[in-house]
Amino acid sequence: MQNQLIARELGEGLWQWLQPKVDSTDIEPELLSGDSEALALSLPSSTTQVNLIMRGQRVVATRVQLDAKQRRHAAKLIPYELEEELSSSVDDLHFSFLPDKDDNVAVLYADIENCQRSFKELGEQGCDVRSALPDYLLLERPESGITLLLDENGLCARLSEHWGFTIEQELAPLVLSRLAEHSAYSEQAPEQIRLIAKDEESLEQLRSHLPDTWGDIEQDAVIGDYWSCLDLSGTNSALNLRRGALARSLPYQRWWSIWKKPSIVFAAVFAFTLLVNFVAYFSASSEADALREKINAVYLDAVPNGRLGDVERMLESKLSNVKKVSTDPSNFVFLIDKVSSVVSTDKDAEISSLSYNGDQRVLQLTIDFASLDKLSEFRTKLTERGVHSDSPRTTSIGSRYQARMKLREL
């Protein structure tokens, strides 16, 4: 019973269930009743298994004889072996079967819509229905005997391990009489009959329904109700109707009830994050457009007739072509002073042109001399004054010589 709940279907949306006993306490299981919502609220946890007891009037137990070869195709053969005794179309019924003794196969069948309705009613409340059996197959039965229970739901009878029925009380005398006449259906006459009813008066009423041929059979009378004679080990029967088309599916409803609130919170956080990112994106995009306009304006100020494009690259290209200005002190005055002092010693020397390169710290000079000896003397005197002259390029102009040279400070 640990982590399990037994629920009995009473009809008209009502249920009766046995609250599971907690092993660590001395509290006995409690019998409760109510609708499916109340049943779900009484579950100890969301993982508690629910074993469903279906109304026996809606589930028929019978047998079919199939040899070993036929049993391989039992799922297809059984509905049509029973077709003559069925009151509904084969397609409207749900079958569950289990090989029994000899060539017999125990069979349960019920209206598939009724079964689906019960499973859906509990499933919508988050209940995990693991098994479903008719009420008569969960009655305790004496060995080599039968059990008859009389309560407000009628007569509930378990005749063997996989056979029984639940009928209206008015039909009890007729059905039990036929059962006694055709003992072949029960394999052999019962050796013991267990009678269960809520009080002595009901027990006498139940005895009155027994056929006369069962008068010599040992009887065991018990005052109790359905729950007092429940065989809980039967919930694991292989005849479980929760199979095939009615097998358990993934509990989406229960999962949703568990994750509903976290999902809503997560969705809200995700939507808020998405909104913040969109706002940040559009804000950054606006700032980028404004910055681009400023860059273009700077470019047009620097290059009024320039074409807009990759202005950063174009500005970098133009700036790379601008000569760097040297921060070293100029030696122009020094070189001019030395040149002037030497030129003044030669009255025939005449400076034609000069230019100064501050980056190279070089004075380029063009000067006329009367002879090549005067040129050589001029260069010697410059060297004595700390000025180096490159090898000059000389040109003869009439009787004079013109020399172009570069002068550097030693």
# chains A, B, ... in the order shown; residues from 1 in each chain; ligands from 1
>>> select_by_dssp(residues="range 319-360 of chain A", states="helix (DSSP H, G or I)", output="mmCIF file with C-alpha atoms, in the first residue's frame")
data_model
loop_
_atom_site.group_PDB
_atom_site.id
_atom_site.type_symbol
_atom_site.label_atom_id
_atom_site.label_comp_id
_atom_site.auth_asym_id
_atom_site.auth_seq_id
_atom_site.Cartn_x
_atom_site.Cartn_y
_atom_site.Cartn_z
ATOM 1 C CA LEU A 319 46.876 61.449 -42.819
ATOM 2 C CA SER A 320 49.475 58.791 -43.595
ATOM 3 C CA PHE A 332 69.914 76.070 -40.330
ATOM 4 C CA VAL A 333 71.514 79.121 -38.647
ATOM 5 C CA PHE A 334 74.652 77.123 -37.828
ATOM 6 C CA LEU A 335 75.095 75.965 -41.423
ATOM 7 C CA ILE A 336 74.404 79.446 -42.865
ATOM 8 C CA ASP A 337 76.870 81.003 -40.471
ATOM 9 C CA LYS A 338 79.641 78.603 -41.491
ATOM 10 C CA VAL A 339 78.893 78.948 -45.192
ATOM 11 C CA SER A 340 78.852 82.757 -44.943
ATOM 12 C CA SER A 341 82.160 82.878 -43.083
ATOM 13 C CA VAL A 342 83.866 80.767 -45.774
ATOM 14 C CA VAL A 343 82.230 82.501 -48.753
#
>>> select_by_dssp(residues="range 220-353 of chain A", states="strand (DSSP E or B)", output="list in words")
Asp220, Ala221, Val222, Ile223, Leu230, Glu350, Ile351, Ser352 and Ser353 of chain A
>>> residues_around(residues="range 215-219 of chain A", least_positions_apart="6", cutoff="7 Å", atoms="only C-alpha atoms", output="PyMOL selection string")
chain A and resi 191-194
>>> write_last_selection(atoms="all heavy atoms", output="PDB file, in the first residue's frame")
ATOM      1  N   GLU A 191     -15.906 -25.851  -2.547  1.00  0.00           N
ATOM      2  CA  GLU A 191     -15.824 -26.569  -1.273  1.00  0.00           C
ATOM      3  C   GLU A 191     -16.212 -25.673  -0.107  1.00  0.00           C
ATOM      4  O   GLU A 191     -16.510 -26.160   0.981  1.00  0.00           O
ATOM      5  CB  GLU A 191     -14.403 -27.100  -1.069  1.00  0.00           C
ATOM      6  CG  GLU A 191     -13.984 -28.117  -2.129  1.00  0.00           C
ATOM      7  CD  GLU A 191     -12.551 -28.591  -1.933  1.00  0.00           C
ATOM      8  OE1 GLU A 191     -11.923 -28.148  -0.931  1.00  0.00           O
ATOM      9  OE2 GLU A 191     -12.070 -29.378  -2.756  1.00  0.00           O
ATOM     10  N   GLN A 192     -16.184 -24.380  -0.319  1.00  0.00           N
ATOM     11  CA  GLN A 192     -16.536 -23.444   0.742  1.00  0.00           C
ATOM     12  C   GLN A 192     -17.125 -22.189   0.119  1.00  0.00           C
ATOM     13  O   GLN A 192     -16.705 -21.763  -0.963  1.00  0.00           O
ATOM     14  CB  GLN A 192     -15.294 -23.088   1.574  1.00  0.00           C
ATOM     15  CG  GLN A 192     -15.580 -22.144   2.734  1.00  0.00           C
ATOM     16  CD  GLN A 192     -14.305 -21.802   3.513  1.00  0.00           C
ATOM     17  OE1 GLN A 192     -13.225 -22.232   3.160  1.00  0.00           O
ATOM     18  NE2 GLN A 192     -14.468 -21.026   4.579  1.00  0.00           N
ATOM     19  N   ILE A 193     -18.087 -21.606   0.802  1.00  0.00           N
ATOM     20  CA  ILE A 193     -18.709 -20.361   0.356  1.00  0.00           C
ATOM     21  C   ILE A 193     -18.553 -19.333   1.468  1.00  0.00           C
ATOM     22  O   ILE A 193     -18.996 -19.561   2.595  1.00  0.00           O
ATOM     23  CB  ILE A 193     -20.203 -20.542   0.032  1.00  0.00           C
ATOM     24  CG1 ILE A 193     -20.388 -21.604  -1.065  1.00  0.00           C
ATOM     25  CG2 ILE A 193     -20.810 -19.221  -0.402  1.00  0.00           C
ATOM     26  CD1 ILE A 193     -21.853 -21.912  -1.356  1.00  0.00           C
ATOM     27  N   ARG A 194     -17.940 -18.234   1.125  1.00  0.00           N
ATOM     28  CA  ARG A 194     -17.800 -17.146   2.088  1.00  0.00           C
ATOM     29  C   ARG A 194     -18.870 -16.108   1.785  1.00  0.00           C
ATOM     30  O   ARG A 194     -18.940 -15.573   0.678  1.00  0.00           O
ATOM     31  CB  ARG A 194     -16.420 -16.502   1.998  1.00  0.00           C
ATOM     32  CG  ARG A 194     -16.239 -15.323   2.957  1.00  0.00           C
ATOM     33  CD  ARG A 194     -14.803 -14.837   2.949  1.00  0.00           C
ATOM     34  NE  ARG A 194     -13.918 -15.862   3.464  1.00  0.00           N
ATOM     35  CZ  ARG A 194     -12.581 -15.772   3.438  1.00  0.00           C
ATOM     36  NH1 ARG A 194     -12.009 -14.694   2.881  1.00  0.00           N
ATOM     37  NH2 ARG A 194     -11.836 -16.722   3.935  1.00  0.00           N
TER      38      ARG A 194
END
>>> residues_around(residues="range 81-93 of chain A", least_positions_apart="4", cutoff="6 Å", atoms="only C-alpha atoms", output="ChimeraX atom specification")
/A:110-112
>>> write_last_selection(atoms="all heavy atoms", output="compact mmCIF listing (two decimals), in the first residue's frame")
# COMPACT_ATOMS: atom_id res chain seq x y z
N ALA A 110 -14.94 -4.77 -21.71
CA ALA A 110 -15.82 -3.68 -21.25
C ALA A 110 -15.95 -2.66 -22.36
O ALA A 110 -15.16 -2.63 -23.31
CB ALA A 110 -15.24 -3.02 -19.99
N ASP A 111 -16.97 -1.83 -22.24
CA ASP A 111 -17.18 -0.76 -23.21
C ASP A 111 -16.00 0.21 -23.13
O ASP A 111 -15.68 0.74 -22.05
CB ASP A 111 -18.49 -0.02 -22.91
CG ASP A 111 -18.79 1.03 -23.96
OD1 ASP A 111 -19.40 0.71 -24.98
OD2 ASP A 111 -18.39 2.20 -23.74
N ILE A 112 -15.36 0.44 -24.26
CA ILE A 112 -14.13 1.23 -24.26
C ILE A 112 -14.39 2.69 -23.89
O ILE A 112 -13.57 3.34 -23.23
CB ILE A 112 -13.42 1.13 -25.63
CG1 ILE A 112 -12.01 1.72 -25.54
CG2 ILE A 112 -14.22 1.81 -26.72
CD1 ILE A 112 -11.16 1.40 -26.75
>>> residues_around(residues="range 390-393 of chain A", least_positions_apart="3", cutoff="6 Å", atoms="only C-alpha atoms", output="PyMOL selection string")
chain A and resi 403-406
>>> residues_around(residues="range 357-371 of chain A", least_positions_apart="6", cutoff="7 Å", atoms="only C-alpha atoms", output="list in words")
Ser326, Ser330, Asn331, Asp348, Ala349, Glu350, Ile351, Arg400, Tyr401, Gln402, Ala403, Arg404, Met405, Lys406, Leu407 and Arg408 of chain A
>>> closest_residue(among="A:Asp35, A:Gln16, A:Asn240, A:Val59", to="Leu98 in chain A", atoms="only C-alpha atoms")
A:Asn240
>>> residues_around(residues="Glu200 in chain A", least_positions_apart="2", cutoff="12 Å", atoms="only C-alpha atoms", output="list of chain:residue names")
A:Leu150, A:Leu195, A:Ile196, A:Ala197, A:Lys198, A:Ser202, A:Leu203, A:Glu204, A:Gln205, A:Leu206, A:Arg207, A:Ala221, A:Val222, A:Ile223, A:Gly224
>>> write_last_selection(atoms="N, CA and C atoms", output="mmCIF file, in the first residue's frame")
data_model
loop_
_atom_site.group_PDB
_atom_site.id
_atom_site.type_symbol
_atom_site.label_atom_id
_atom_site.label_comp_id
_atom_site.auth_asym_id
_atom_site.auth_seq_id
_atom_site.Cartn_x
_atom_site.Cartn_y
_atom_site.Cartn_z
ATOM 1 N N LEU A 150 -22.803 -9.042 -0.519
ATOM 2 C CA LEU A 150 -24.043 -8.324 -0.763
ATOM 3 C C LEU A 150 -23.918 -6.935 -0.142
ATOM 4 N N LEU A 195 -19.718 -15.861 2.779
ATOM 5 C CA LEU A 195 -20.815 -14.912 2.637
ATOM 6 C C LEU A 195 -20.463 -13.649 3.422
ATOM 7 N N ILE A 196 -20.601 -12.491 2.769
ATOM 8 C CA ILE A 196 -20.253 -11.227 3.410
ATOM 9 C C ILE A 196 -21.411 -10.250 3.220
ATOM 10 N N ALA A 197 -21.834 -9.626 4.326
ATOM 11 C CA ALA A 197 -22.896 -8.609 4.276
ATOM 12 C C ALA A 197 -22.702 -7.667 5.455
ATOM 13 N N LYS A 198 -23.428 -6.553 5.432
ATOM 14 C CA LYS A 198 -23.200 -5.515 6.434
ATOM 15 C C LYS A 198 -23.784 -5.859 7.812
ATOM 16 N N SER A 202 -28.888 -8.825 6.447
ATOM 17 C CA SER A 202 -28.411 -8.918 5.067
ATOM 18 C C SER A 202 -27.789 -10.280 4.795
ATOM 19 N N LEU A 203 -27.139 -10.858 5.816
ATOM 20 C CA LEU A 203 -26.585 -12.200 5.642
ATOM 21 C C LEU A 203 -27.689 -13.224 5.389
ATOM 22 N N GLU A 204 -28.798 -13.139 6.141
ATOM 23 C CA GLU A 204 -29.926 -14.045 5.929
ATOM 24 C C GLU A 204 -30.510 -13.876 4.537
ATOM 25 N N GLN A 205 -30.561 -12.624 4.100
ATOM 26 C CA GLN A 205 -31.090 -12.356 2.763
ATOM 27 C C GLN A 205 -30.180 -12.984 1.707
ATOM 28 N N LEU A 206 -28.877 -12.888 1.944
ATOM 29 C CA LEU A 206 -27.926 -13.481 0.997
ATOM 30 C C LEU A 206 -28.047 -15.005 0.986
ATOM 31 N N ARG A 207 -28.221 -15.611 2.168
ATOM 32 C CA ARG A 207 -28.393 -17.074 2.239
ATOM 33 C C ARG A 207 -29.632 -17.527 1.468
ATOM 34 N N ALA A 221 -19.773 -17.170 7.222
ATOM 35 C CA ALA A 221 -20.492 -15.896 7.223
ATOM 36 C C ALA A 221 -19.656 -14.831 7.914
ATOM 37 N N VAL A 222 -19.527 -13.665 7.259
ATOM 38 C CA VAL A 222 -18.724 -12.557 7.795
ATOM 39 C C VAL A 222 -19.544 -11.276 7.698
ATOM 40 N N ILE A 223 -19.593 -10.521 8.786
ATOM 41 C CA ILE A 223 -20.224 -9.204 8.753
ATOM 42 C C ILE A 223 -19.146 -8.175 8.389
ATOM 43 N N GLY A 224 -19.349 -7.502 7.294
ATOM 44 C CA GLY A 224 -18.367 -6.528 6.829
ATOM 45 C C GLY A 224 -18.829 -5.869 5.546
#
